[in-house]
Amino acid sequence: MRSLTMLLPSLVLLAGAQPVFAKCKCAPTDDCWPSVSKWTALNDTVDGKLVQNQPLAEACYQGPGYNAKQCQSIASNWADNTWLADSPIGYSYPLVDTCPPINASVAAYPPCELGNSPLYTIKATQAHDVAAGIKFAKENNVRLVIKNTGHDISQPLSIWMKTIRNGLDYHETFVSSDGSCHSDWNGSAITIGGGYVWQDAYDFAAKYDHVVVGGGDPTVGCIGGFLQGGGHGSLSHEFGLGTDQVLEYQVVLASGDIVKANACQNTDLFTALRGGGGGTYGVVLSATVKAYPTRPTLYHSLTITGLNRNSSAVLNATANMISKYPAIVDEGFAGTALLTPTYGPWRYMSPFIKFLANDFSAAINHAKGVMNREIVNDLLPGNGTDYHVESEWHTYPSWHAWYAATHHTSDGSKQPMMASRFFGKQSLVSQQENIAELLHILATETGEGVHTTSSSSTLLNIVAGGKVLEDAPHTSVNPAWRKAYLLLQRVDMWPANAGSQEIQQVKEELTTRKLAAMKNLASGMGTYVNEADPYDIEWKEDWFGDQYDWLVS
C-alpha cells in the first residue's frame, strides 16, 4: 500500500543530483531555497498546475480562513480515504497529524501547520508535467515525493499522479508496446494509464470476465507504491505478488526522459520497479499487468467474540488457529483476519476466500472440509462459554461478485504506528504457546504512560504461500516473501489528545518490545517494505534482504 522507501537516508531520491550524503536538501529556511520567481516560472512551465498547499483543516482554526460550517464538513470526512485522495495533501497514514479538525470553542489550541506535507504540489496531467517537476527539484536541490491516492508518506515538492488519467486498456493477448520484446506470457493484460485505484481496475477487468492482482482496499492506487513495493491481496496466493504481474512500465527518469521498461528494455530499471520500492527509481506513468479469467469464489466468514471479558480465551484460540494457518494457506484460502478489542469485547474476524477451480463443486466440498477440520472444529468446545463462534459460507459466481458484495474500505487514520513481520511455515506449525505469548505481548502495554486506543489491532494477512513462494524473474522484492505464509501486522493508535512524549513512548513500545517479540519468533524472515516499522534499526536486512546493495547501485 504505502511506500516507506522514501524515508531511507541512504537511497538516492529522484531529486538527487548529488551523490548519496553529499549534500542535504534545501529547506524553506535555507538561503538556497528557491525564490518566488523560480516557483512562478515552474508554475508557468506546467501551465498553472502548481498548487501552494494549505493545511486541510485550516478552516477549523482562528484566522482569515476560519469557517465553522466548512470545518464541520472536514471533520465528518476526516477518516474517509476517498475524500482524502481528492486533496494534494490528503494522506491516509501520516505519522503525525499537525493540523487536525478541532473544536474551535477550545480556548487554547495548537497552531495549524503543514507538518511534513509538501509545500507545493504539481497536479500533473501529462508526462511533461512530471518531467518539469523532476527537473526543477534536481536543479534547485529540493526534496521531491510522488503522491497518488494518499496511502503514502509525504515533503517540499510533490508530483500528484492521481490527476494523470490516460485510460484503462484491455489486451486479449499481451504484446509489448513496440512489439520487439517477446514475453513468456501469452494471456490477457490490462494497461493502467495513470492514477487509477484498484476499484477502477477491478471494475474494468470484470467487463471482460477477468481479474487482476491488486490491493484489498479499493482506494489504494494501482501503479505507485503498491506495485513497485510488492503488492499483496486476496489473489496473490493464486497468481503471485502484484509486482510479479507487471509486464511493462512507462517511466519518467530523473533526466526527464520517458522510457519503456520491460524484460528486454531497461531491464535493470524494470527489475528495480518490480519490488524495490515506490518513488525511488523513476516516476511510473503506466503499467501493463497480467489479467486472468475469473472463476467462482468461495467465501468463509469466521467471527469469534469474547464472553465475560475473557480476552485470554480469544487470544489463545487465535494462537491455535494461527498455528494451523499453513494448512488452510496450502488449500488456497487467502485474506486478512483482524484481532481487536474495538467493538468492546475482544474479537477475531477472518473473511477468507478461495478462488475455485473450474470443477468447483468438488473444490467447495474439499475446501470446507479443510477449514472445518483445521480451524472451526477446534473452536467448538469453547463456544458459548469462553467465546461465541459464528461460521458462515457463501459462494459467488465470480471474484468481482464477491468483492462487490463485501466491505473492503479501511478508514484513513491519523495516529497510527505499524510494525510487521513475515512468518514461515516453521514459525507457525505446532507453535501455539509461543504464538499465544506473542499475541499477549502485542495486546498489552508495559511502559509507564503508554496508552493506545481500542482501535489498535493485529492484522493476520494470509496473502502469501502458493504462487508467491515461486521466485519470479526480474523482481527485487524481499526474498523472504518466497518463504512467507503469514504477514503479521501490529497497528497501534495513540489517543487523539496525546502529547509528543506519549506519542514517542507508543512508538518505542511498538519497536523495542512488540516488533522484537515478532522477530524472536520469526528470526531471519524480514518484512514487507510498504508496511514496515520506519524505526526498525535493522531496516536494511528486514525490508530488502540481500537486494539492498544491488538496488542502491
# chains A, B, ... in the order shown; residues from 1 in each chain; ligands from 1
>>> select_by_dssp(residues="region 30-274 of chain A", states="alpha helix (DSSP H)", output="number ranges by chain")
A: 36-45, 68-76, 81-85, 127-140, 198-206, 225-229, 236-239, 267-273
>>> residues_around(residues="Trp346 (chain A)", least_positions_apart="6", cutoff="10 Å", atoms="only C-alpha atoms", output="list of chain:residue names")
A:Ile304, A:Thr305, A:Gly306, A:Leu307, A:Arg309, A:Asn310, A:Ser311, A:Ser312, A:Ala313, A:Val314, A:Leu315, A:Leu339, A:Thr340, A:Tyr387, A:Ser454
>>> closest_atom_pairs(of="region 213-272 of chain A", to="region 355-371 of chain A", cutoff="12 Å", atoms="only C-alpha atoms", output="Markdown table")
| residue | atom | partner | partner_atom | distance |
| --- | --- | --- | --- | --- |
| A:Ser234 | CA | A:Phe355 | CA | 8.9 |
| A:Leu235 | CA | A:Phe355 | CA | 7.6 |
| A:Ser236 | CA | A:Phe355 | CA | 10.6 |
| A:His237 | CA | A:Phe355 | CA | 9.5 |
| A:Glu238 | CA | A:Phe355 | CA | 7.4 |
| A:Phe239 | CA | A:Phe355 | CA | 10.4 |
>>> write_last_selection(atoms="N, CA and C atoms", output="PDB file, in the first residue's frame")
ATOM      1  N   SER A 234      -6.052 -10.566  -2.001  1.00  0.00           N
ATOM      2  CA  SER A 234      -6.719 -11.862  -1.886  1.00  0.00           C
ATOM      3  C   SER A 234      -6.381 -12.811  -3.038  1.00  0.00           C
ATOM      4  N   LEU A 235      -5.817 -12.296  -4.141  1.00  0.00           N
ATOM      5  CA  LEU A 235      -5.475 -13.149  -5.279  1.00  0.00           C
ATOM      6  C   LEU A 235      -3.969 -13.385  -5.409  1.00  0.00           C
ATOM      7  N   SER A 236      -3.174 -12.826  -4.494  1.00  0.00           N
ATOM      8  CA  SER A 236      -1.723 -13.001  -4.629  1.00  0.00           C
ATOM      9  C   SER A 236      -1.321 -14.457  -4.390  1.00  0.00           C
ATOM     10  N   HIS A 237      -2.001 -15.159  -3.480  1.00  0.00           N
ATOM     11  CA  HIS A 237      -1.696 -16.574  -3.279  1.00  0.00           C
ATOM     12  C   HIS A 237      -1.886 -17.361  -4.568  1.00  0.00           C
ATOM     13  N   GLU A 238      -2.922 -17.018  -5.303  1.00  0.00           N
ATOM     14  CA  GLU A 238      -3.262 -17.775  -6.520  1.00  0.00           C
ATOM     15  C   GLU A 238      -2.340 -17.448  -7.683  1.00  0.00           C
ATOM     16  N   PHE A 239      -1.922 -16.181  -7.810  1.00  0.00           N
ATOM     17  CA  PHE A 239      -1.209 -15.752  -9.019  1.00  0.00           C
ATOM     18  C   PHE A 239       0.160 -15.113  -8.757  1.00  0.00           C
TER      19      PHE A 239
END
>>> atom_distance(atom1="CA of Ala124 (chain A)", atom2="CA of Leu50 (chain A)")
8.7 Å
>>> closest_residue(among="A:Asp169, A:Asp80, A:Asp268, A:Glu508", to="Gly194 (chain A)", atoms="only C-alpha atoms")
A:Asp169
>>> atom_distance(atom1="CA of Thr297 (chain A)", atom2="CA of Lys425 (chain A)")
25.2 Å
>>> closest_atom_pairs(of="region 276-380 of chain A", to="region 455-471 of chain A", cutoff="8 Å", atoms="only C-alpha atoms", output="JSON lines")
{"residue": "A:Tyr325", "atom": "CA", "partner": "A:Ile462", "partner_atom": "CA", "distance": 7.8}
{"residue": "A:Val329", "atom": "CA", "partner": "A:Gly465", "partner_atom": "CA", "distance": 6.4}
{"residue": "A:Asp330", "atom": "CA", "partner": "A:Gly466", "partner_atom": "CA", "distance": 6.6}
{"residue": "A:Gly332", "atom": "CA", "partner": "A:Gly466", "partner_atom": "CA", "distance": 7.2}
{"residue": "A:Phe333", "atom": "CA", "partner": "A:Ile462", "partner_atom": "CA", "distance": 7.7}
{"residue": "A:Ala334", "atom": "CA", "partner": "A:Ile462", "partner_atom": "CA", "distance": 5.2}
{"residue": "A:Gly335", "atom": "CA", "partner": "A:Ile462", "partner_atom": "CA", "distance": 5.5}
{"residue": "A:Thr336", "atom": "CA", "partner": "A:Asn461", "partner_atom": "CA", "distance": 4.3}
{"residue": "A:Ala337", "atom": "CA", "partner": "A:Leu460", "partner_atom": "CA", "distance": 4.9}
{"residue": "A:Leu338", "atom": "CA", "partner": "A:Leu459", "partner_atom": "CA", "distance": 4.8}
{"residue": "A:Leu339", "atom": "CA", "partner": "A:Thr458", "partner_atom": "CA", "distance": 5.1}
{"residue": "A:Thr340", "atom": "CA", "partner": "A:Ser457", "partner_atom": "CA", "distance": 4.7}
{"residue": "A:Pro341", "atom": "CA", "partner": "A:Ser455", "partner_atom": "CA", "distance": 7.2}
{"residue": "A:Thr342", "atom": "CA", "partner": "A:Ser455", "partner_atom": "CA", "distance": 5.0}
>>> write_last_selection(atoms="C-alpha atoms", output="PDB file, in the first residue's frame")
ATOM      1  CA  TYR A 325      -2.803 -21.385   9.046  1.00  0.00           C
ATOM      2  CA  VAL A 329      -2.989 -21.482   3.047  1.00  0.00           C
ATOM      3  CA  ASP A 330      -1.889 -24.615   1.199  1.00  0.00           C
ATOM      4  CA  GLY A 332      -5.759 -21.893  -1.208  1.00  0.00           C
ATOM      5  CA  PHE A 333      -7.554 -19.707   1.328  1.00  0.00           C
ATOM      6  CA  ALA A 334      -6.469 -16.071   1.396  1.00  0.00           C
ATOM      7  CA  GLY A 335      -7.408 -12.810   3.089  1.00  0.00           C
ATOM      8  CA  THR A 336      -6.790 -10.702   6.175  1.00  0.00           C
ATOM      9  CA  ALA A 337      -8.012 -11.584   9.665  1.00  0.00           C
ATOM     10  CA  LEU A 338      -8.412  -8.911  12.322  1.00  0.00           C
ATOM     11  CA  LEU A 339      -7.874  -9.324  16.078  1.00  0.00           C
ATOM     12  CA  THR A 340      -9.076  -6.296  18.019  1.00  0.00           C
ATOM     13  CA  PRO A 341     -10.974  -5.009  21.079  1.00  0.00           C
ATOM     14  CA  THR A 342     -12.501  -2.183  19.012  1.00  0.00           C
TER      15      THR A 342
END
>>> atom_distance(atom1="CA of Val491 (chain A)", atom2="CA of Ala419 (chain A)")
6.7 Å
